[in-house]
Every structure is written in C-alpha cells, then in structure tokens.
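S.K.: Hey, dropping input-v1.txt in here, compact mmCIF, C-alpha atoms:
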# COMPACT_ATOMS: atom_id res chain seq x y z
CA MET A 1 -5.35 24.50 -58.44
CA LYS A 2 -5.12 21.58 -60.87
CA PRO A 3 -7.80 18.86 -60.54
CA ILE A 4 -5.27 16.21 -59.51
CA ARG A 5 -3.85 18.39 -56.73
CA LEU A 6 -7.35 19.36 -55.61
CA PHE A 7 -8.36 15.71 -55.44
CA ALA A 8 -5.20 14.83 -53.50
CA SER A 9 -5.86 17.66 -51.03
CA ILE A 10 -9.41 16.44 -50.44
CA ILE A 11 -8.17 12.89 -49.82
CA LEU A 12 -5.59 14.14 -47.29
CA LEU A 13 -8.27 16.15 -45.48
CA VAL A 14 -10.55 13.11 -45.30
CA ILE A 15 -7.73 10.96 -43.93
CA ALA A 16 -6.76 13.61 -41.40
CA GLY A 17 -10.37 13.91 -40.32
CA ALA A 18 -10.66 10.17 -39.84
CA ILE A 19 -7.47 10.06 -37.78
CA ASN A 20 -8.60 12.94 -35.59
CA SER A 21 -12.01 11.34 -35.16
CA HIS A 22 -10.35 8.09 -34.08
CA ARG A 23 -8.17 9.97 -31.59
CA VAL A 24 -11.18 11.73 -30.10
CA GLN A 25 -13.01 8.41 -29.72
CA ALA A 26 -9.95 6.83 -28.10
CA GLN A 27 -9.61 9.73 -25.70
CA ASP A 28 -13.30 9.50 -24.83
CA ALA A 29 -12.96 5.78 -24.14
CA GLU A 30 -9.98 6.29 -21.85
CA SER A 31 -11.17 9.43 -20.09
CA ASN A 32 -13.86 9.50 -17.42
CA PRO A 33 -13.39 12.72 -15.42
CA ALA A 34 -16.41 12.05 -13.19
CA LEU A 35 -15.10 8.62 -12.19
CA ASP A 36 -11.58 9.95 -11.70
CA GLU A 37 -12.87 12.65 -9.38
CA LYS A 38 -14.94 10.14 -7.41
CA VAL A 39 -12.03 7.72 -6.97
CA ARG A 40 -9.60 10.48 -6.01
CA LYS A 41 -12.03 11.84 -3.43
CA PHE A 42 -12.61 8.38 -1.99
CA LEU A 43 -8.87 7.69 -1.70
CA THR A 44 -8.23 11.13 -0.21
CA ASP A 45 -10.99 10.73 2.36
CA ARG A 46 -9.65 7.31 3.34
CA SER A 47 -5.98 8.31 3.34
CA GLY A 48 -4.13 6.88 6.31
CA GLN A 49 -7.01 4.57 7.25
CA TRP A 50 -6.07 1.45 5.30
CA TYR A 51 -5.17 -1.17 7.86
CA ASP A 52 -5.89 -4.92 7.99
CA MET A 53 -3.12 -5.99 5.58
CA ASN A 54 -3.76 -3.35 2.91
CA ILE A 55 -0.93 -1.93 0.83
CA PRO A 56 0.30 1.67 1.20
CA ALA A 57 -0.79 4.28 -1.34
CA ARG A 58 2.72 4.36 -2.82
CA ASP A 59 2.38 0.73 -3.87
CA GLY A 60 -1.13 1.32 -5.16
CA GLN A 61 0.21 4.05 -7.42
CA LEU A 62 2.89 1.67 -8.67
CA LEU A 63 0.30 -0.96 -9.60
CA TYR A 64 -1.80 1.71 -11.33
CA ASP A 65 1.18 2.93 -13.35
CA LEU A 66 2.20 -0.60 -14.40
CA ILE A 67 -1.28 -1.34 -15.75
CA ILE A 68 -1.56 1.94 -17.64
CA LYS A 69 1.93 1.57 -19.13
CA GLY A 70 1.33 -2.04 -20.18
CA ASN A 71 -2.28 -1.41 -21.29
CA TYR A 72 -3.28 -4.51 -19.36
CA LYS A 73 -6.92 -5.61 -19.35
CA ASN A 74 -7.29 -8.96 -17.60
CA ALA A 75 -6.11 -8.72 -14.01
CA LEU A 76 -6.06 -11.13 -11.09
CA GLU A 77 -5.51 -10.13 -7.47
CA ILE A 78 -4.74 -12.79 -4.86
CA GLY A 79 -5.68 -11.31 -1.49
CA THR A 80 -8.26 -8.51 -1.60
CA SER A 81 -8.16 -7.52 2.06
CA THR A 82 -10.58 -4.58 2.32
CA GLY A 83 -9.94 -3.33 -1.18
CA HIS A 84 -7.26 -0.64 -1.23
CA SER A 85 -5.06 -2.34 -3.85
CA GLY A 86 -8.13 -3.44 -5.80
CA ILE A 87 -9.29 0.16 -6.10
CA TRP A 88 -5.96 1.26 -7.59
CA ILE A 89 -5.94 -1.71 -9.98
CA ALA A 90 -9.57 -1.32 -11.05
CA TRP A 91 -9.14 2.43 -11.50
CA ALA A 92 -6.34 1.77 -14.00
CA LEU A 93 -8.40 -0.95 -15.70
CA SER A 94 -11.28 1.50 -16.12
CA LYS A 95 -8.95 3.38 -18.47
CA THR A 96 -7.68 0.36 -20.40
CA GLY A 97 -11.08 -1.27 -20.83
CA GLY A 98 -10.27 -4.14 -18.49
CA LYS A 99 -11.60 -5.90 -15.42
CA LEU A 100 -10.21 -7.23 -12.15
CA LEU A 101 -10.85 -10.65 -10.60
CA THR A 102 -9.94 -10.49 -6.91
CA ILE A 103 -10.03 -13.25 -4.28
CA GLU A 104 -10.43 -12.94 -0.50
CA ILE A 105 -10.87 -15.72 2.05
CA ASP A 106 -12.17 -13.70 5.00
CA PRO A 107 -15.95 -12.91 4.85
CA ASP A 108 -15.69 -9.67 6.85
CA ARG A 109 -12.86 -8.28 4.75
CA HIS A 110 -14.64 -9.37 1.57
CA ARG A 111 -17.83 -7.60 2.68
CA GLU A 112 -15.97 -4.39 3.52
CA ALA A 113 -14.09 -4.50 0.22
CA MET A 114 -17.36 -4.81 -1.70
CA GLN A 115 -18.66 -1.72 0.08
CA ASN A 116 -15.46 0.18 -0.65
CA PHE A 117 -15.63 -0.76 -4.32
CA ARG A 118 -19.18 0.57 -4.50
CA GLU A 119 -18.31 3.82 -2.74
CA ALA A 120 -15.33 4.37 -5.04
CA GLY A 121 -17.59 3.84 -8.07
CA LEU A 122 -15.57 0.90 -9.41
CA SER A 123 -17.83 -2.12 -8.85
CA GLU A 124 -18.47 -2.67 -12.57
CA TYR A 125 -14.75 -3.19 -13.13
CA ILE A 126 -14.36 -5.79 -10.37
CA ASP A 127 -15.37 -9.43 -9.94
CA ALA A 128 -14.79 -9.94 -6.19
CA ARG A 129 -14.92 -13.57 -5.08
CA LEU A 130 -15.05 -14.98 -1.56
CA GLY A 131 -13.10 -18.21 -1.15
CA ASP A 132 -9.82 -19.96 -0.50
CA ALA A 133 -7.22 -18.75 -3.00
CA HIS A 134 -5.35 -22.05 -2.64
CA GLU A 135 -8.21 -23.64 -4.56
CA LEU A 136 -9.65 -20.74 -6.57
CA VAL A 137 -6.33 -19.79 -8.16
CA LYS A 138 -6.14 -23.29 -9.60
CA GLN A 139 -9.72 -23.06 -10.88
CA VAL A 140 -9.73 -19.63 -12.57
CA LYS A 141 -9.29 -20.02 -16.30
CA GLY A 142 -7.59 -16.82 -17.38
CA PRO A 143 -5.77 -15.87 -19.42
CA PHE A 144 -4.44 -12.91 -17.46
CA ASP A 145 -2.01 -10.19 -18.42
CA PHE A 146 -1.58 -8.68 -14.94
CA VAL A 147 -1.39 -10.38 -11.54
CA PHE A 148 -0.95 -8.96 -8.04
CA SER A 149 -0.12 -11.56 -5.38
CA ASP A 150 -0.53 -10.39 -1.78
CA ALA A 151 -1.99 -13.27 0.21
CA ASP A 152 -0.25 -15.79 2.48
CA LYS A 153 3.47 -15.46 1.89
CA ASN A 154 4.32 -19.12 2.44
CA TRP A 155 2.11 -19.98 -0.56
CA TYR A 156 3.69 -17.49 -2.98
CA LYS A 157 5.52 -20.22 -4.93
CA ASN A 158 2.32 -22.20 -5.36
CA TYR A 159 0.37 -19.19 -6.61
CA PHE A 160 3.10 -18.36 -9.09
CA THR A 161 3.31 -21.94 -10.36
CA ASP A 162 -0.47 -22.18 -10.75
CA ILE A 163 -0.80 -18.87 -12.60
CA ASP A 164 2.28 -19.04 -14.83
CA PRO A 165 0.53 -21.11 -17.57
CA LYS A 166 -2.41 -18.68 -17.48
CA LEU A 167 -0.29 -15.52 -17.80
CA LYS A 168 0.07 -14.17 -21.32
CA VAL A 169 3.49 -13.58 -22.81
CA GLY A 170 4.11 -9.88 -22.22
CA GLY A 171 2.10 -10.03 -19.01
CA CYS A 172 3.23 -8.77 -15.63
CA TYR A 173 3.21 -10.72 -12.35
CA THR A 174 3.69 -8.55 -9.25
CA THR A 175 4.31 -9.86 -5.73
CA HIS A 176 4.07 -7.78 -2.56
CA ASN A 177 6.40 -7.89 0.45
CA VAL A 178 9.45 -9.49 -1.13
CA TYR A 179 12.64 -8.29 0.52
CA GLY A 180 15.16 -11.03 -0.11
CA ARG A 181 16.68 -13.65 2.14
CA GLY A 182 16.31 -12.82 5.82
CA GLY A 183 13.89 -9.97 5.14
CA TYR A 184 10.25 -9.58 6.10
CA GLY A 185 8.39 -12.82 5.51
CA SER A 186 11.69 -14.58 4.62
CA GLN A 187 10.91 -14.30 0.91
CA GLY A 188 14.45 -14.91 -0.28
CA ASP A 189 13.58 -18.43 -1.41
CA TYR A 190 10.61 -17.14 -3.41
CA LEU A 191 12.74 -14.42 -4.99
CA GLU A 192 15.29 -16.97 -6.18
CA TYR A 193 12.51 -19.31 -7.31
CA VAL A 194 11.04 -16.69 -9.64
CA ARG A 195 14.44 -15.59 -10.88
CA ASN A 196 15.13 -19.17 -11.92
CA TYR A 197 12.32 -18.85 -14.48
CA LYS A 198 14.48 -17.80 -17.42
CA ASN A 199 11.45 -16.66 -19.42
CA TYR A 200 10.75 -13.95 -16.84
CA GLU A 201 12.54 -10.66 -16.35
CA SER A 202 12.23 -9.63 -12.70
CA THR A 203 12.99 -6.42 -10.84
CA LEU A 204 12.66 -5.80 -7.10
CA VAL A 205 11.37 -2.29 -6.34
CA GLN A 206 11.00 -1.39 -2.65
CA GLY A 207 9.55 -4.74 -1.67
CA MET A 208 7.51 -5.23 -4.87
CA LEU A 209 8.77 -7.97 -7.17
CA ILE A 210 7.80 -7.05 -10.74
CA SER A 211 8.15 -9.96 -13.17
CA TYR A 212 7.50 -9.68 -16.90
CA LYS A 213 6.82 -12.87 -18.84
CA ARG A 214 8.96 -12.61 -21.97
CA ALA A 215 8.28 -16.03 -23.48
CA GLU A 216 6.69 -19.39 -22.80
CA ARG A 217 8.96 -21.82 -20.97
In structure tokens, how does this file's structure come out?

M.R.:
Amino acid sequence: MKPIRLFASIILLVIAGAINSHRVQAQDAESNPALDEKVRKFLTDRSGQWYDMNIPARDGQLLYDLIIKGNYKNALEIGTSTGHSGIWIAWALSKTGGKLLTIEIDPDRHREAMQNFREAGLSEYIDARLGDAHELVKQVKGPFDFVFSDADKNWYKNYFTDIDPKLKVGGCYTTHNVYGRGGYGSQGDYLEYVRNYKNYESTLVQGMLISYKRAER
C-alpha cells in the first residue's frame, strides 16, 4: 500500500473510532437499565391503583413518548396529584438529561407524591413544590420546553397565558381533559383560546391537547 493511502486509511480508522466512542458514550448517558427496571416494577405494582385525580397509564405513556421524541429537558407540571404523571415525565427526562418542576397545592397529595417519587427511584429528576399554582406558575422563571397542565380546569387559560412567554420555541404544551365544547369540564372555550394562538400548532388526541410552539408571537 502506498504511503498516502496508508495514511488516509489510518485517518479514517481514527475518525470511525471517535464516532463509535461518541455513540457509546451517548448510549451510556441515555441508558439506565437498573432505573428502567425499578420504574417499570413500580408502575406494574401500582397498576390500577392511581386514583385521586391521577392520569391513566395510557396518557402517561403519551407524555413519555412526547418528551423522548422532542428530547425535552426542562419540564413543568401543573398539578402533581400523587405523582403518576410525574413519574412518567421524570422517567423520560432521566433519558434526555432533564428535570421536572411539579406543583401541587394539597399537602397530603404532595407528601404521597414525594414518597412515590422516592420509591420509583426518580427523586433526583424532580423538584416537587407545595403551593398554589395560581401564584407559583407566575413566579417560576423557566424557560421550559415541555409543560403538562392538569390542575383546576377553570384556570387553564391563565396557566397557558402565564407560561407562554416562558416556553421555548419548539417546546410542547400539553393540557389534560380537553374534549371540546360541551365535553367534560366544558373546555371548548379553552380549546378555541389556544387555537387562536397562531404561533402554536395544536392537536387534540383523546382528551389531551398537544400544542407545539412554532414561533414567538
């Protein structure tokens, strides 16, 4: 082999090695089999026991998938309840290198959620705050790239208005229990309100309003 070709071959091998090394590191950063097993076991053991205004597992999986697909890292949850949705969100964030800020007004639900987060092994990915979301949502600084709103339905517009300036372009704002005018919670007005934001692209999927922020207003 001529010296020039030999040198070129060596360079290609070095580059290939660097790329493969980077891929291995990326996979290591995203993969935590022990944590995955712990979370899955916790969710399986608690299957069918999530009451007190928690979301169903189907919706938890949807939130998880949205975060993974969007590679979101800075998440806000309005309405923790006892932590079912927060576990799905934080589990996804454990893979993207992110963290969840979640707000709950009820001390008993907050306390139970904290215990559930510990048992699921996800506490380090969650900042759980006890307080009135009407005030705390205005105070949190952001910016966020993923939001899940599932607190008092008659305040949905206010939450959205308060968070919109703190949501990054490309971010995703999800709202639970939105079924259109005359549906559960009478969220038709909220649905139209969000759709009037021309810089958002919104889709309603089985009661979950998924709104992507495409540009600043």

S.K.: Given the choices A:Thr102, A:Gln139, A:Asn32, A:Ser202, which gets closest to Ala75 (chain A) if the distance is worked out from all atoms listed in the file?

M.R.: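 Going through A:Thr102, A:Gln139, A:Asn32, A:Ser202 one by one, the smallest distance to Ala75 (chain A) is for A:Thr102.
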
S.K.: Leaving out region 43-45 of chain A and any residue of its chain fewer than 2 positions from it, which residues lie within 12 Å of it when counting only C-alpha atoms, given as a list of chain:residue names?

M.R.: A:Asp36, A:Glu37, A:Lys38, A:Val39, A:Arg40, A:Lys41, A:Ser47, A:Gly48, A:Gln49, A:Trp50, A:Pro56, A:Ala57, A:Gly60, A:Gln61, A:Gly83, A:His84, A:Ser85, A:Gly86, A:Ile87, A:Trp88, A:Trp91, A:Asn116, A:Phe117, A:Glu119, A:Ala120, A:Gly121

S.K.: Would you write out those residues with C-alpha atoms, as an mmCIF file, keeping the file's coordinate frame?

M.R.:
data_model
loop_
_atom_site.group_PDB
_atom_site.id
_atom_site.type_symbol
_atom_site.label_atom_id
_atom_site.label_comp_id
_atom_site.auth_asym_id
_atom_site.auth_seq_id
_atom_site.Cartn_x
_atom_site.Cartn_y
_atom_site.Cartn_z
ATOM 1 C CA ASP A 36 -11.580 9.950 -11.700
ATOM 2 C CA GLU A 37 -12.870 12.650 -9.380
ATOM 3 C CA LYS A 38 -14.940 10.140 -7.410
ATOM 4 C CA VAL A 39 -12.030 7.720 -6.970
ATOM 5 C CA ARG A 40 -9.600 10.480 -6.010
ATOM 6 C CA LYS A 41 -12.030 11.840 -3.430
ATOM 7 C CA SER A 47 -5.980 8.310 3.340
ATOM 8 C CA GLY A 48 -4.130 6.880 6.310
ATOM 9 C CA GLN A 49 -7.010 4.570 7.250
ATOM 10 C CA TRP A 50 -6.070 1.450 5.300
ATOM 11 C CA PRO A 56 0.300 1.670 1.200
ATOM 12 C CA ALA A 57 -0.790 4.280 -1.340
ATOM 13 C CA GLY A 60 -1.130 1.320 -5.160
ATOM 14 C CA GLN A 61 0.210 4.050 -7.420
ATOM 15 C CA GLY A 83 -9.940 -3.330 -1.180
ATOM 16 C CA HIS A 84 -7.260 -0.640 -1.230
ATOM 17 C CA SER A 85 -5.060 -2.340 -3.850
ATOM 18 C CA GLY A 86 -8.130 -3.440 -5.800
ATOM 19 C CA ILE A 87 -9.290 0.160 -6.100
ATOM 20 C CA TRP A 88 -5.960 1.260 -7.590
ATOM 21 C CA TRP A 91 -9.140 2.430 -11.500
ATOM 22 C CA ASN A 116 -15.460 0.180 -0.650
ATOM 23 C CA PHE A 117 -15.630 -0.760 -4.320
ATOM 24 C CA GLU A 119 -18.310 3.820 -2.740
ATOM 25 C CA ALA A 120 -15.330 4.370 -5.040
ATOM 26 C CA GLY A 121 -17.590 3.840 -8.070
#

S.K.: Considering only C-alpha atoms, can you say which of A:Met114, A:Ile103, A:Met53, A:Leu209 comes closest to Gly131 (chain A)?

M.R.: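 Checking each candidate against Gly131 (chain A), we get A:Ile103 as the closest.
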
S.K.: Just how far from CA of Cys172 (chain A) is CA of Met208 (chain A), in Å to one decimal?

M.R.: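 Separating CA of Met208 (chain A) from CA of Cys172 (chain A) is a distance of 12.1 Å.
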
S.K.: Go through A:Lys69, A:Leu122, A:Ser81, A:Leu136 and flag the residue nearest Pro107 (chain A), using only C-alpha atoms for the distances.

M.R.: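 Of A:Lys69, A:Leu122, A:Ser81, A:Leu136, the one nearest Pro107 (chain A), counting only C-alpha atoms, is A:Ser81.
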
S.K.: Could you check which of A:Ile67, A:Ile55, A:Val178, A:Leu35 is closest to Thr82 (chain A), using all atoms listed in the file?

M.R.: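 The shortest atom-to-atom distance to Thr82 (chain A) comes from A:Ile55.
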
S.K.: Could you tell me how far CA of Phe148 (chain A) lies from CA of Glu77 (chain A), in Å and to one decimal?

M.R.: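 Taking CA of Phe148 (chain A) and CA of Glu77 (chain A), their separation equals 4.7 Å.
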
S.K.: Any idea what the distance is between CA of Asp162 (chain A) and CA of Leu93 (chain A)?

M.R.: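 Separation of CA of Asp162 (chain A) and CA of Leu93 (chain A): 23.2 Å.
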
S.K.: Of the residues A:Gly142, A:Gly79, A:Pro33, A:Gly188, which is the one nearest to Leu130 (chain A), using only C-alpha atoms?

M.R.: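 Under the stated criterion, the closest residue is A:Gly79.
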
S.K.: Would you list the contacts of Asp145 (chain A) as an MDAnalysis selection string, taking every protein, DNA or RNA residue within 12 Å and counting only C-alpha atoms, but skipping same-chain residues closer than 2 positions in sequence?

M.R.: chainID A and resid 66:67 70:77 93 98:101 142:143 147:148 163:174 211:214

S.K.: Rank nothing, just name the residue among A:Thr80, A:Thr175, A:Thr203, A:Ser94 nearest to Ala133 (chain A), using all atoms listed in the file.

M.R.: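 Looking only at the distances to Ala133 (chain A), the closest residue turns out to be A:Thr80.
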
S.K.: For Trp155 (chain A), please output as a PyMOL selection string all residues within 10 Å (counting all atoms listed in the file; exclusion window: fewer than 4 positions along the same chain).

M.R.: chain A and resi 133-134+149+151+159-160+190
